[in-house]
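Undergrad: Please read through the structure below; I'll follow up with questions.
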Amino acid sequence: MALLRTDRRGDRRRGRSAHDNHAPACRHLATRDPVLRGLIARIGPCRLTPRRHHFATLCDSIIAQQLSTRVAEVIFDRFAGLYPQRRPTPQAVVQTPLPRLHSVGLSGQKARYLKDLAAGFLDGRIRPSRLPRQSNEEIIEALVSIHGVGRWTAEMFLIFSLNRSDVLPVDDLGIKKAIQRWYGLRALPSPAKIRAIGSPWHPYESIASWYLWRSLHLQG
């Protein structure tokens with residue numbers, strides 16, 4: 001869950017001063033689902049806040065694919081360090097030679113993915129100014145046109161960067177494990193089972209998902 005890792009890192013940067021902007025969602029979830037009511041009580045306020053730097057967030061997600069959290073953090077930090085104020089931009093990444101990207105630990109494939117992502121921001125496949133007006137599915141369609149970006153990555157972007165409230169990532173392993181644990185299932189749930197369990201959460205599936213991810217660290 002690369003973007004959950006980014007979310008935790010953001011919490012450290014902001015400290016504990018982040019305001020809970022999700023009280024209505026939490027009340028809805030607590031009323032509709034007793035399991036989530038218990039998790040919300042244990043975990044506390046939802047600290048999901050928008051990420052302004054959409055390009056860097058997507059770079060982070062691509063870099064983190066199939067890597068441990070620690071390795072992904074190291075490589076992303078090295079990658080960010082290539083750019084002024086540690087902030088990669090599409091223009092800068094397009095102009096970065098592949099050997100320089102390889103020098104920070106990026107595989108050839110991931111370096112090419114980052115190049116295509118940067119090109120997508122520059123050629124109009126992804127237009128940040130349009131995002132507020134686009135539906136979830138329109139944004140997912142645009143993002144998956146980029147090499148190295150699949151539906152899961154697009155869903156994480158919707159949740160953690162745009163804070164869309166109604167995204168349910170049914171293929172996420174962490175969500176599956178949390179639902180299996182807290183809902184007393186013998187096996188990991190199928191996407192259809194997750195949708196059935198999550199139907200009462202609408203329109204706050206993203207907030208429910210955030211609590212389920214956080215619940216993976218709870219004892220007992």
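Going by the structure tokens order, chains are called A, B, ..., each with residues numbered from 1, while ligands are numbered from 1 in the order shown.
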Name all residues at most 6 Å from region 203-218 of chain A (count only C-alpha atoms; drop same-chain ones fewer than 5 positions away) and give them as a CSV table (one decimal) with N, CA and C atoms, in the first residue's frame.
TA:
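So result_26.csv came out as:
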```csv
chain,number,residue,atom,x,y,z
A,25,ALA,N,-18.8,11.6,7.7
A,25,ALA,CA,-18.6,10.2,7.2
A,25,ALA,C,-18.4,9.2,8.3
A,165,SER,N,-14.5,10.4,-1.9
A,165,SER,CA,-15.0,9.7,-0.7
A,165,SER,C,-15.6,8.3,-1.0
A,166,ASP,N,-15.8,8.0,-2.3
A,166,ASP,CA,-16.6,6.9,-2.6
A,166,ASP,C,-15.9,5.8,-3.4
A,167,VAL,N,-14.6,5.6,-3.1
A,167,VAL,CA,-13.8,4.6,-3.8
A,167,VAL,C,-13.6,3.4,-2.9
A,168,LEU,N,-13.9,2.2,-3.5
A,168,LEU,CA,-13.7,1.0,-2.7
A,168,LEU,C,-12.8,0.1,-3.5
A,178,ALA,N,-8.0,-7.1,6.2
A,178,ALA,CA,-8.7,-6.4,7.3
A,178,ALA,C,-10.2,-6.9,7.3
```
Undergrad: Could you give me, as number ranges by chain, the residues within 10 Å of Thr31 (chain A), counting only C-alpha atoms and dropping anything in the same chain fewer than 6 positions from it?
TA: A: 25, 37, 200-201
Undergrad: Kindly export the residues of the current selection with C-alpha atoms, as a tab-separated table (two decimals), in the first residue's frame.
TA:
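Result went into result.tsv, see below:
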```tsv
chain	number	residue	atom	x	y	z
A	25	ALA	CA	-18.58	10.23	7.18
A	37	ARG	CA	-18.03	1.73	14.74
A	200	PRO	CA	-23.87	0.23	3.61
A	201	TRP	CA	-20.77	2.45	3.57
```
Undergrad: As an exercise, work out the distance from CA of Glu73 (chain A) to CA of Leu58 (chain A) in Å and give it to one decimal place.
TA: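 Taking CA of Glu73 (chain A) as the start and CA of Leu58 (chain A) as the end point, the length is 13.7 Å.
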Undergrad: With only C-alpha atoms as the basis for distance, which of A:Ile139, A:Val149, A:Val170, A:Leu98 is at the shortest distance from Asp60 (chain A)?
TA: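 Once distances to Asp60 (chain A) are computed over only C-alpha atoms, the minimum belongs to A:Val149.
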Undergrad: Using only C-alpha atoms for the distances, tell me which of A:Gly124, A:Ile40, A:Ile159, A:Ser129 is nearest to Ala142 (chain A).
TA: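 Closest candidate: A:Gly124.
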Undergrad: CA of Leu158 (chain A) and CA of Val93 (chain A) are how many Å apart?
TA: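 These atoms are spaced 22.6 Å apart.
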